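S.K.: Before I ask anything, let me first share the structure, which is written out below as structure tokens.
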Amino acid sequence: MTKHPRSKPWLLPGSLLLAAALPLVVGCPQGELPLPAPEAESSEAAPPPVAVLEPEQPVVPEESPGKIVPPEPPYATEAPAQPVAEPAAADRPAPPTAIEEPPLGENPLRAEQRPRKGKKGGDFDPIAVHGPIFVDWTRPALAVVITGRQDGYLEPCGCAGLDRMKGGMSRRHSLFRQLRHERGWPTVGLDVGGIARDYGKQAELKFHVVVDSMRTMQYDAVTHGAADLRLPTAELVAVTAGAGDQPSMFLSANVGLFGFDAGLTATHRIIEKAGVKLGVTGVLGAESQQGIHNPEIELAEAEAAIEKVLPDLQQADFHVLLAHATMAETKALARKFPVFDIVVTAGGAAEPPVEPRRVEGTDTLLIEVGEKGMDAVVLGLYNGAEARWRYQRVPLDARFPQSPEMHMLLTAYQHQVASLGFSGLGIRPAPQPLRETHGEYVGSQSCESCHEPAYLQWRRTPHARAFQTLLDQDPPRQFDPECISCHVVGWHPTQYFPYEGGYMSLEETPHLTDVGCESCHGPGGNHNRAELRGSDGEKERYRKLMVVTKEQSRDGQCATCHDLDNSPDFDFDTYWPQVEHYEY
């Protein structure tokens, strides 16, 4: 590409995001529970007597004043009417006096100017940020770990600094291990469902991984979530069925895989551990049922299903309802059936509350699990002259080490993804929406000869080695569409599919790796051709089409990849100086 005379300045600020063709997206108190005296158990020794812990703070009723209640623009494809004005001289960075090839991915800012956030922001203390856990806890008679709403998240995004993120099956396994083996607490695992997020082959693979992980963690009861039931029924049965003499951990009072008569889904379970009997059942709420259109799945009304199983739960000392339902539906069920000591909901806020609540008008404890598997809730059940319980929200953060067993499962999963390839995962390129106005993708190297200062600036940013971060992960993620989408040119960043002419593989399209010029400015094919042999009018037109303003980037373009899932520390004003560039 030949250089063109720069009779006018063109603002070409970099951004931190993929797909200029896409829409802009900004985008422990204690309580009372009646428990029997502990009995000897063959698999686990009965816990020694523990002191009765008086409540530090009462559970806050919902009606009480001062209660803590968790709160429940298209990209421009046409040229702007006027060319972007040249920044004032005082606001423009000085152009480099010489063009020197920088080390790949080197940050151009001096050390004292670099943001102290993100994966390179120094030491991160999860306890200082998220708080200590199990403070002053004595050994409970039983620890009940409650989770749910995994939403397809096997692990946090490691490329943006795993230590600063919460969640992941690996850390959850370490929590179970610490409770059972390091603390010696008898432990039960319950999950309110919501393992899957999407549908398709990759969603099925992830469902397999999570269920295998939960078996390793020895979960005792898991109910079906709405997204889980959108997977093929045969696949669900194959994955969730019991193995050998081990019954399935899945149960639901009102969901029958291949019909209730098939008997493939347990309606309830009595879990006996450390002398305590937990009677557990689960239901799928009416609102969630509306999204299930599968004749192979039989559904029933939640209230009728609960009434049917209640007689079988009478022998339990403690009753638990796993309600994959909205908050309103969950509370209605709790009021209708006050026999339940605990009701776990899939509704509620994105993070479990620090303090538990009771459902107003009942003695039922309401447990929220948050979303994306970022937290767990642990209930400690105690014995004594007057029985007590303790509640702890557990952030699954870097205080929990990675689990070797989970690492093996995740490695096997990435191998499966790689062996299937895009076609085996059912991923096909979609029409490129800016093809008519912008042309095809040509790669960042095509921009260098005419835009040397901007290219030099890009080469110094982490964007220029974004693909390498996938290769550096353990296990590597360079074949995973959910990771690729924000690390290459020509993919939808949130729907995980390529556009025609976008990145396909290192062998086929090596020039489209990394977060390149076209990730933010859009395909450069027409602009490239106009500069080589177009008229002055064509050059002017396509130059304008390639402009991305700082305001456009701030208003949401960057956030489609730098969202809370992938860049929890992202702050536009902090990071903008690292990528800002202008043409003179």
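Quick note on naming: the chains in the structure tokens go A, B, ... in the order shown, residues restart at 1 in each chain, and ligands are numbered from 1 in order of appearance.
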Got a sec: who's within 8 Å of Met546 of chain A, counting only C-alpha atoms, leaving out chain neighbours fewer than 6 positions off, as a list in words?

M.R.: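 Here the qualifying residues turn out to be Leu12, His521, Gly522, Gly524 and His527 of chain A.
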
S.K.: Go ahead and save the picked residues with all heavy atoms, as a compact mmCIF listing (two decimals), in the first residue's frame.

M.R.:
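Heads up, here's the output in result02.txt:
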# COMPACT_ATOMS: atom_id res chain seq x y z
N LEU A 12 -7.44 8.40 14.41
CA LEU A 12 -7.56 6.94 14.37
C LEU A 12 -7.23 6.36 15.75
O LEU A 12 -6.22 5.71 15.93
CB LEU A 12 -6.62 6.35 13.32
CG LEU A 12 -6.97 6.67 11.87
CD1 LEU A 12 -5.85 6.18 10.97
CD2 LEU A 12 -8.29 6.01 11.49
N HIS A 521 -11.44 -0.67 13.76
CA HIS A 521 -11.79 0.23 12.67
C HIS A 521 -12.63 -0.43 11.59
O HIS A 521 -13.11 0.25 10.69
CB HIS A 521 -10.52 0.81 12.04
CG HIS A 521 -9.74 1.67 12.99
ND1 HIS A 521 -10.08 2.98 13.27
CD2 HIS A 521 -8.64 1.40 13.74
CE1 HIS A 521 -9.23 3.48 14.13
NE2 HIS A 521 -8.34 2.54 14.44
N GLY A 522 -12.80 -1.73 11.64
CA GLY A 522 -13.56 -2.42 10.62
C GLY A 522 -12.68 -2.88 9.48
O GLY A 522 -11.51 -2.48 9.36
N GLY A 524 -10.58 -3.30 6.19
CA GLY A 524 -9.88 -2.23 5.48
C GLY A 524 -9.68 -2.46 4.00
O GLY A 524 -8.93 -1.71 3.37
N HIS A 527 -10.68 0.63 1.72
CA HIS A 527 -9.76 1.74 2.01
C HIS A 527 -8.39 1.45 1.39
O HIS A 527 -7.77 2.34 0.78
CB HIS A 527 -9.65 1.90 3.52
CG HIS A 527 -8.58 2.84 3.98
ND1 HIS A 527 -8.49 4.15 3.54
CD2 HIS A 527 -7.54 2.66 4.85
CE1 HIS A 527 -7.45 4.73 4.12
NE2 HIS A 527 -6.86 3.85 4.91

S.K.: Segment 131-134 of chain A: which residues within 9 Å, counting only C-alpha atoms, same-chain residues fewer than 3 positions away excluded, as a list in words?

M.R.: Cys28, Pro126, Ile127, Ala128, Trp137, Thr138, Tyr391, Gln392, Arg393, Val394 and Pro395 of chain A

S.K.: Next, the residues of the selection above should be written as a short mmCIF file (atom, residue, chain, number, x, y, z; two decimals), in the first residue's frame with N, CA and C atoms.

M.R.:
data_model
loop_
_atom_site.label_atom_id
_atom_site.label_comp_id
_atom_site.auth_asym_id
_atom_site.auth_seq_id
_atom_site.Cartn_x
_atom_site.Cartn_y
_atom_site.Cartn_z
N CYS A 28 -21.57 -13.02 59.17
CA CYS A 28 -22.48 -14.16 59.19
C CYS A 28 -23.15 -14.48 60.50
N PRO A 126 -6.96 -11.60 47.68
CA PRO A 126 -8.40 -11.85 47.61
C PRO A 126 -9.10 -11.71 48.95
N ILE A 127 -8.40 -12.02 50.03
CA ILE A 127 -9.02 -11.91 51.34
C ILE A 127 -9.24 -10.45 51.71
N ALA A 128 -8.26 -9.60 51.37
CA ALA A 128 -8.44 -8.17 51.65
C ALA A 128 -9.58 -7.58 50.83
N TRP A 137 -15.70 -19.88 63.31
CA TRP A 137 -16.53 -21.07 63.19
C TRP A 137 -15.89 -22.23 63.95
N THR A 138 -16.71 -22.94 64.72
CA THR A 138 -16.29 -24.22 65.24
C THR A 138 -16.80 -25.31 64.31
N TYR A 391 -24.12 -19.11 58.55
CA TYR A 391 -24.20 -18.87 57.11
C TYR A 391 -22.92 -18.17 56.65
N GLN A 392 -22.41 -18.60 55.48
CA GLN A 392 -21.22 -17.94 54.93
C GLN A 392 -21.31 -17.89 53.41
N ARG A 393 -21.25 -16.69 52.87
CA ARG A 393 -21.04 -16.55 51.43
C ARG A 393 -19.55 -16.74 51.17
N VAL A 394 -19.24 -17.66 50.24
CA VAL A 394 -17.84 -17.99 49.96
C VAL A 394 -17.49 -17.53 48.55
N PRO A 395 -16.71 -16.48 48.39
CA PRO A 395 -16.25 -16.09 47.06
C PRO A 395 -15.21 -17.08 46.56
#

S.K.: Segment 312-314 of chain A: which residues within 9 Å, counting only C-alpha atoms, same-chain residues fewer than 5 positions away excluded, as a ChimeraX atom specification?

M.R.: /A:268-270,278-281,319

S.K.: Would you mind exporting C-alpha atoms of the selected residues as an mmCIF file, in the first residue's frame?

M.R.:
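Result went into out09.cif, see below:
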data_model
loop_
_atom_site.group_PDB
_atom_site.id
_atom_site.type_symbol
_atom_site.label_atom_id
_atom_site.label_comp_id
_atom_site.auth_asym_id
_atom_site.auth_seq_id
_atom_site.Cartn_x
_atom_site.Cartn_y
_atom_site.Cartn_z
ATOM 1 C CA HIS A 268 -36.642 -36.475 45.836
ATOM 2 C CA ARG A 269 -33.850 -37.814 47.992
ATOM 3 C CA ILE A 270 -33.171 -38.420 51.671
ATOM 4 C CA LEU A 278 -31.893 -33.969 54.775
ATOM 5 C CA GLY A 279 -35.021 -34.374 52.676
ATOM 6 C CA VAL A 280 -34.389 -32.676 49.326
ATOM 7 C CA THR A 281 -36.593 -32.135 46.284
ATOM 8 C CA HIS A 319 -36.328 -30.179 54.477
#

S.K.: Skip Leu470 of chain A itself and residues of its chain fewer than 4 positions away, then list as an mmCIF file with all heavy atoms, in the first residue's frame all residues within 9 Å of it, counting only C-alpha atoms.

M.R.:
data_model
loop_
_atom_site.group_PDB
_atom_site.id
_atom_site.type_symbol
_atom_site.label_atom_id
_atom_site.label_comp_id
_atom_site.auth_asym_id
_atom_site.auth_seq_id
_atom_site.Cartn_x
_atom_site.Cartn_y
_atom_site.Cartn_z
ATOM 1 N N GLY A 158 -8.807 -16.556 31.999
ATOM 2 C CA GLY A 158 -7.443 -16.503 32.525
ATOM 3 C C GLY A 158 -6.562 -15.477 31.865
ATOM 4 O O GLY A 158 -5.576 -15.033 32.450
ATOM 5 N N CYS A 159 -6.890 -15.058 30.633
ATOM 6 C CA CYS A 159 -5.991 -14.157 29.916
ATOM 7 C C CYS A 159 -5.990 -12.760 30.509
ATOM 8 O O CYS A 159 -5.090 -11.977 30.251
ATOM 9 C CB CYS A 159 -6.370 -14.112 28.434
ATOM 10 S SG CYS A 159 -7.995 -13.401 28.111
ATOM 11 N N ALA A 466 -2.302 -10.538 21.507
ATOM 12 C CA ALA A 466 -3.497 -11.082 22.140
ATOM 13 C C ALA A 466 -3.642 -12.580 21.886
ATOM 14 O O ALA A 466 -4.084 -13.323 22.761
ATOM 15 C CB ALA A 466 -4.738 -10.338 21.643
ATOM 16 N N ASP A 474 -2.834 -22.566 30.325
ATOM 17 C CA ASP A 474 -2.642 -23.978 30.673
ATOM 18 C C ASP A 474 -3.982 -24.550 31.143
ATOM 19 O O ASP A 474 -4.429 -24.261 32.253
ATOM 20 C CB ASP A 474 -1.605 -24.109 31.777
ATOM 21 C CG ASP A 474 -1.356 -25.571 32.161
ATOM 22 O OD1 ASP A 474 -1.656 -26.450 31.336
ATOM 23 O OD2 ASP A 474 -0.864 -25.812 33.280
ATOM 24 N N PRO A 475 -4.658 -25.312 30.270
ATOM 25 C CA PRO A 475 -4.263 -25.721 28.915
ATOM 26 C C PRO A 475 -4.457 -24.581 27.915
ATOM 27 O O PRO A 475 -5.221 -23.647 28.175
ATOM 28 C CB PRO A 475 -5.220 -26.882 28.609
ATOM 29 C CG PRO A 475 -6.446 -26.569 29.406
ATOM 30 C CD PRO A 475 -5.944 -25.930 30.676
ATOM 31 N N PRO A 476 -3.786 -24.647 26.741
ATOM 32 C CA PRO A 476 -3.946 -23.601 25.725
ATOM 33 C C PRO A 476 -5.390 -23.518 25.234
ATOM 34 O O PRO A 476 -6.131 -24.495 25.255
ATOM 35 C CB PRO A 476 -3.010 -24.050 24.599
ATOM 36 C CG PRO A 476 -2.012 -24.936 25.274
ATOM 37 C CD PRO A 476 -2.774 -25.649 26.353
ATOM 38 N N ARG A 477 -5.793 -22.315 24.772
ATOM 39 C CA ARG A 477 -7.184 -22.082 24.368
ATOM 40 C C ARG A 477 -7.313 -21.638 22.907
ATOM 41 O O ARG A 477 -8.331 -21.081 22.531
ATOM 42 C CB ARG A 477 -7.814 -21.002 25.248
ATOM 43 C CG ARG A 477 -7.670 -21.157 26.749
ATOM 44 C CD ARG A 477 -8.292 -22.437 27.272
ATOM 45 N NE ARG A 477 -8.612 -22.374 28.680
ATOM 46 C CZ ARG A 477 -7.767 -22.581 29.674
ATOM 47 N NH1 ARG A 477 -6.500 -22.830 29.412
ATOM 48 N NH2 ARG A 477 -8.162 -22.544 30.928
ATOM 49 N N GLN A 478 -6.299 -21.875 22.075
ATOM 50 C CA GLN A 478 -6.309 -21.296 20.732
ATOM 51 C C GLN A 478 -7.320 -21.941 19.796
ATOM 52 O O GLN A 478 -7.519 -21.456 18.674
ATOM 53 C CB GLN A 478 -4.910 -21.352 20.102
ATOM 54 C CG GLN A 478 -4.474 -22.729 19.621
ATOM 55 C CD GLN A 478 -3.769 -23.525 20.696
ATOM 56 O OE1 GLN A 478 -4.011 -23.322 21.880
ATOM 57 N NE2 GLN A 478 -2.892 -24.420 20.284
ATOM 58 N N PHE A 479 -7.988 -23.018 20.220
ATOM 59 C CA PHE A 479 -9.013 -23.642 19.387
ATOM 60 C C PHE A 479 -10.423 -23.422 19.934
ATOM 61 O O PHE A 479 -11.390 -23.877 19.339
ATOM 62 C CB PHE A 479 -8.750 -25.148 19.262
ATOM 63 C CG PHE A 479 -7.427 -25.477 18.644
ATOM 64 C CD1 PHE A 479 -6.381 -25.953 19.418
ATOM 65 C CD2 PHE A 479 -7.211 -25.300 17.285
ATOM 66 C CE1 PHE A 479 -5.148 -26.253 18.863
ATOM 67 C CE2 PHE A 479 -5.983 -25.596 16.713
ATOM 68 C CZ PHE A 479 -4.950 -26.069 17.497
ATOM 69 N N CYS A 483 -12.971 -18.321 23.404
ATOM 70 C CA CYS A 483 -11.762 -17.549 23.708
ATOM 71 C C CYS A 483 -11.248 -16.809 22.470
ATOM 72 O O CYS A 483 -10.794 -15.666 22.556
ATOM 73 C CB CYS A 483 -10.670 -18.456 24.245
ATOM 74 S SG CYS A 483 -11.095 -19.308 25.784
ATOM 75 N N ILE A 484 -11.319 -17.480 21.331
ATOM 76 C CA ILE A 484 -10.814 -16.895 20.089
ATOM 77 C C ILE A 484 -11.499 -15.569 19.770
ATOM 78 O O ILE A 484 -10.866 -14.630 19.290
ATOM 79 C CB ILE A 484 -11.021 -17.886 18.919
ATOM 80 C CG1 ILE A 484 -10.070 -19.072 19.053
ATOM 81 C CG2 ILE A 484 -10.805 -17.200 17.568
ATOM 82 C CD1 ILE A 484 -10.359 -20.180 18.058
ATOM 83 N N HIS A 487 -9.788 -12.412 20.504
ATOM 84 C CA HIS A 487 -8.329 -12.415 20.356
ATOM 85 C C HIS A 487 -7.888 -12.460 18.897
ATOM 86 O O HIS A 487 -6.697 -12.626 18.631
ATOM 87 C CB HIS A 487 -7.733 -13.606 21.112
ATOM 88 C CG HIS A 487 -7.792 -13.449 22.600
ATOM 89 N ND1 HIS A 487 -6.686 -13.196 23.378
ATOM 90 C CD2 HIS A 487 -8.844 -13.496 23.460
ATOM 91 C CE1 HIS A 487 -7.053 -13.101 24.645
ATOM 92 N NE2 HIS A 487 -8.356 -13.288 24.722
#

S.K.: Kindly indicate which residue among A:Cys447, A:Val135, A:Leu257, A:Ala398 lies nearest to Leu175 of chain A, using only C-alpha atoms for the distances.

M.R.: A:Ala398

S.K.: Please, which residues of segment 224-473 of chain A, numbered as in this document, come out alpha helix (DSSP H) from DSSP, as a PyMOL selection string?

M.R.: chain A and resi 233-240+286-289+302-309+327-336+404-424+435-438+452-460+466-472

S.K.: Which is closer to Leu142 of chain A than all the others in A:Gly275, A:Pro295, A:Gly373, A:Pro352, using only C-alpha atoms?

M.R.: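 Comparing A:Gly275, A:Pro295, A:Gly373, A:Pro352 against Leu142 of chain A, the winner is A:Gly275.
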